[in-house]
Amino acid sequence: MRLLAASVLRTTTALMVRGSRGVSGGLHDATMPYVIDPATQLAIGPEMEARELVQVPEHKVLEGRYCRLEPLEARHAAELYACSSPADAEVRFRYLFDAPPRSVEEVESWIRRSTATPAYLYYAVVDKASGRVGGRQSLMRIDPTHRSIENGNVYMGPGVARSRVATEANYLFASYVFGLGYRRFEWKCDALNAKSRSAALRFGFTYEGHFRRAIINKGRSRDTSWFAMIDEEWPYLDEAYQTWLHPDNFHPDGSQKRRLSDLTKLALERARLGGSASSE
């Protein structure tokens with residue numbers, strides 16, 4: 001992202017101190033850039049450099065060290081069913097929009113419906129160690145005009161949940177979309193879904209707010225928690241992910257040496273301070 005008129009950019013930290021009528025003193029992001037509009041003396045966002053729209057992501061294979069993201073197809077149905085029907089399937093699907101599948105044929109039907117619209121780019125998450133599908137996720141709410149995109153409809157089976165595979169799957173999405181020029185990568189979940197909220201923070205998303213009575217899902221009211229990471233933060237988060245995912249970060253028994261949550265927290269602090277992206 002390139003901002004014009006950078007020489008007159010300020011941050012809302014200074015603005016809040018002087019109590020401008022242009023910005024509330026309760027802002028979420030105290031370092032939001034702004035300029036003063038000469039005509040109105042109001043605080044306004046910095047002008048963006050004119051550019052062509054970023055492209056809609058190509059639905060292609062994304063290759064990692066531990067996982068491979070493949071465009072979801074009917075051929076994935078049997079393995080996706082296998083990882084979606086563990087003994088605790090009802091718990092795992094409680095906060096999702098779909099229910100646990102009852103057969104391979106039901107998964108095949110779900111795949112046909114889910115992939116029928118270009119608004120959702122669904123991927124099978126393949127565990128490279130086993131060669132089998134371990135979960136699914138999608139790029140959605142794709143907005144090339146405002147350069148925003150979301151990782152949503154995420155399901156990770158017991159074989160890959162809370163593992164290097166699941167972490168790298170999110171990393172591959174983030175790396176892909178920021179590489180295309182998107183400014184904002186979102187994560188949303190049921191506000192009561194403590195595991196999803198925890199995962200978002202571990203992954204380096206910043207909590208942005210609570211949307212009350214946002215959705216009715218499976219006949220029940222749902223409040224939604226919003227999280228996002230932005231392009232200014234990505235170089236720092238990228239370094240944190242690479243440090244965590246490197247084989248040297250794991251003991252012979254597979255346990256981690258450094259926690260991703262510690263690395264992403266430090267990365268965000270450095271991003272806000274404008275310091276070095278190095279996680280060392």
# chains A, B, ... in the order shown; residues from 1 in each chain; ligands from 1

$ select_by_dssp --residues "stretch 29-122 of chain A" --states "helix (DSSP H, G or I)" --output "PyMOL selection string"
chain A and resi 74-84+89-93+104-114

$ atom_distance --atom1 "atom CA of A:Arg220" --atom2 "atom CA of A:Lys188"
17.2 Å

$ closest_residue --among "A:Thr31, A:Gln55, A:Ser148, A:Thr264" --to "A:Ile230" --atoms "only C-alpha atoms"
A:Ser148

$ residues_around --residues "stretch 66-72 of chain A" --least-positions-apart "6" --cutoff "6 Å" --atoms "only C-alpha atoms" --output "JSON, numbers by chain"
{"A": [122, 123, 124, 125, 126, 127, 128, 165]}

$ write_last_selection --atoms "all heavy atoms" --output "JSON list (two decimals), in the first residue's frame"
[["chain", "number", "residue", "atom", "x", "y", "z"],
["A", 122, "TYR", "N", -13.38, -22.50, -2.16],
["A", 122, "TYR", "CA", -13.15, -23.55, -1.16],
["A", 122, "TYR", "C", -11.90, -24.35, -1.49],
["A", 122, "TYR", "O", -11.62, -24.66, -2.65],
["A", 122, "TYR", "CB", -14.34, -24.50, -1.08],
["A", 122, "TYR", "CG", -15.41, -24.05, -0.13],
["A", 122, "TYR", "CD1", -16.50, -23.31, -0.59],
["A", 122, "TYR", "CD2", -15.33, -24.35, 1.22],
["A", 122, "TYR", "CE1", -17.50, -22.89, 0.29],
["A", 122, "TYR", "CE2", -16.32, -23.94, 2.11],
["A", 122, "TYR", "CZ", -17.39, -23.21, 1.63],
["A", 122, "TYR", "OH", -18.36, -22.79, 2.52],
["A", 123, "TYR", "N", -11.18, -24.69, -0.41],
["A", 123, "TYR", "CA", -9.96, -25.50, -0.54],
["A", 123, "TYR", "C", -10.03, -26.70, 0.39],
["A", 123, "TYR", "O", -10.52, -26.60, 1.52],
["A", 123, "TYR", "CB", -8.73, -24.67, -0.16],
["A", 123, "TYR", "CG", -8.28, -23.69, -1.21],
["A", 123, "TYR", "CD1", -8.91, -22.45, -1.35],
["A", 123, "TYR", "CD2", -7.22, -23.99, -2.07],
["A", 123, "TYR", "CE1", -8.49, -21.54, -2.30],
["A", 123, "TYR", "CE2", -6.80, -23.09, -3.02],
["A", 123, "TYR", "CZ", -7.43, -21.87, -3.15],
["A", 123, "TYR", "OH", -7.02, -20.97, -4.10],
["A", 124, "ALA", "N", -9.52, -27.82, -0.10],
["A", 124, "ALA", "CA", -9.26, -28.97, 0.75],
["A", 124, "ALA", "C", -7.87, -28.78, 1.36],
["A", 124, "ALA", "O", -6.92, -28.42, 0.66],
["A", 124, "ALA", "CB", -9.30, -30.26, -0.06],
["A", 125, "VAL", "N", -7.76, -29.02, 2.67],
["A", 125, "VAL", "CA", -6.49, -28.93, 3.36],
["A", 125, "VAL", "C", -5.90, -30.33, 3.43],
["A", 125, "VAL", "O", -6.41, -31.20, 4.12],
["A", 125, "VAL", "CB", -6.67, -28.35, 4.78],
["A", 125, "VAL", "CG1", -5.32, -28.29, 5.51],
["A", 125, "VAL", "CG2", -7.32, -26.97, 4.73],
["A", 126, "VAL", "N", -4.82, -30.55, 2.67],
["A", 126, "VAL", "CA", -4.21, -31.87, 2.57],
["A", 126, "VAL", "C", -2.98, -31.93, 3.47],
["A", 126, "VAL", "O", -2.06, -31.11, 3.34],
["A", 126, "VAL", "CB", -3.82, -32.20, 1.12],
["A", 126, "VAL", "CG1", -3.14, -33.57, 1.03],
["A", 126, "VAL", "CG2", -5.05, -32.15, 0.21],
["A", 127, "ASP", "N", -2.97, -32.88, 4.37],
["A", 127, "ASP", "CA", -1.81, -33.13, 5.24],
["A", 127, "ASP", "C", -0.76, -33.86, 4.39],
["A", 127, "ASP", "O", -0.98, -34.99, 3.96],
["A", 127, "ASP", "CB", -2.26, -33.99, 6.42],
["A", 127, "ASP", "CG", -1.13, -34.35, 7.38],
["A", 127, "ASP", "OD1", 0.03, -33.97, 7.12],
["A", 127, "ASP", "OD2", -1.41, -35.03, 8.38],
["A", 128, "LYS", "N", 0.37, -33.22, 4.16],
["A", 128, "LYS", "CA", 1.37, -33.81, 3.28],
["A", 128, "LYS", "C", 2.02, -35.05, 3.88],
["A", 128, "LYS", "O", 2.51, -35.92, 3.16],
["A", 128, "LYS", "CB", 2.42, -32.77, 2.90],
["A", 128, "LYS", "CG", 1.86, -31.64, 2.05],
["A", 128, "LYS", "CD", 2.88, -30.60, 1.68],
["A", 128, "LYS", "CE", 3.81, -31.07, 0.61],
["A", 128, "LYS", "NZ", 4.67, -29.97, 0.08],
["A", 165, "VAL", "N", -0.09, -28.20, 10.35],
["A", 165, "VAL", "CA", -0.89, -28.21, 9.13],
["A", 165, "VAL", "C", -1.93, -27.10, 9.16],
["A", 165, "VAL", "O", -2.06, -26.31, 8.21],
["A", 165, "VAL", "CB", -1.58, -29.58, 8.95],
["A", 165, "VAL", "CG1", -2.61, -29.53, 7.81],
["A", 165, "VAL", "CG2", -0.55, -30.66, 8.67]]

$ atom_distance --atom1 "atom CA of A:Gln256" --atom2 "atom CA of A:Ala191"
28.5 Å

$ residues_around --residues "stretch 73-77 of chain A" --least-positions-apart "3" --cutoff "7 Å" --atoms "only C-alpha atoms" --output "list of chain:residue names"
A:Leu80, A:Tyr81, A:Val104, A:Val107, A:Glu108, A:Ile111

$ write_last_selection --atoms "N, CA, C and O atoms" --output "CSV table (one decimal), in the first residue's frame"
chain,number,residue,atom,x,y,z
A,80,LEU,N,-12.8,-36.0,3.0
A,80,LEU,CA,-13.4,-35.0,3.8
A,80,LEU,C,-14.5,-35.5,4.7
A,80,LEU,O,-14.6,-35.1,5.9
A,81,TYR,N,-15.2,-36.5,4.2
A,81,TYR,CA,-16.2,-37.1,5.1
A,81,TYR,C,-15.5,-37.8,6.3
A,81,TYR,O,-16.0,-37.7,7.4
A,104,VAL,N,-20.8,-40.0,2.5
A,104,VAL,CA,-20.0,-39.4,1.5
A,104,VAL,C,-20.8,-38.7,0.4
A,104,VAL,O,-20.4,-37.6,0.0
A,107,VAL,N,-21.6,-35.3,1.5
A,107,VAL,CA,-20.4,-34.4,1.3
A,107,VAL,C,-20.3,-34.0,-0.2
A,107,VAL,O,-20.0,-32.8,-0.5
A,108,GLU,N,-20.5,-34.9,-1.0
A,108,GLU,CA,-20.5,-34.6,-2.5
A,108,GLU,C,-21.5,-33.6,-2.9
A,108,GLU,O,-21.2,-32.6,-3.6
A,111,ILE,N,-20.3,-30.2,-1.5
A,111,ILE,CA,-19.3,-29.7,-2.3
A,111,ILE,C,-19.8,-29.1,-3.6
A,111,ILE,O,-19.4,-28.0,-4.0

$ atom_distance --atom1 "atom CA of A:Glu269" --atom2 "atom CA of A:Tyr236"
9.2 Å

$ residues_around --residues "stretch 204-210 of chain A" --least-positions-apart "2" --cutoff "6 Å" --atoms "only C-alpha atoms" --output "list of chain:residue names"
A:Ala200, A:Leu201, A:Arg202, A:Thr224, A:Ser225, A:Trp226, A:Phe227, A:Ala228, A:Met229, A:Thr264

$ closest_residue --among "A:Arg102, A:Arg51, A:His246, A:Arg94" --to "A:Arg65" --atoms "only C-alpha atoms"
A:His246

$ residues_around --residues "A:Gly254" --least-positions-apart "5" --cutoff "10 Å" --atoms "only C-alpha atoms" --output "PyMOL selection string"
chain A and resi 163-164+247+249

$ select_by_dssp --residues "stretch 3-168 of chain A" --states "strand (DSSP E or B)" --output "PyMOL selection string"
chain A and resi 3+10-11+33-36+43-44+48+62-63+67-71+121-127+132-143+148-156
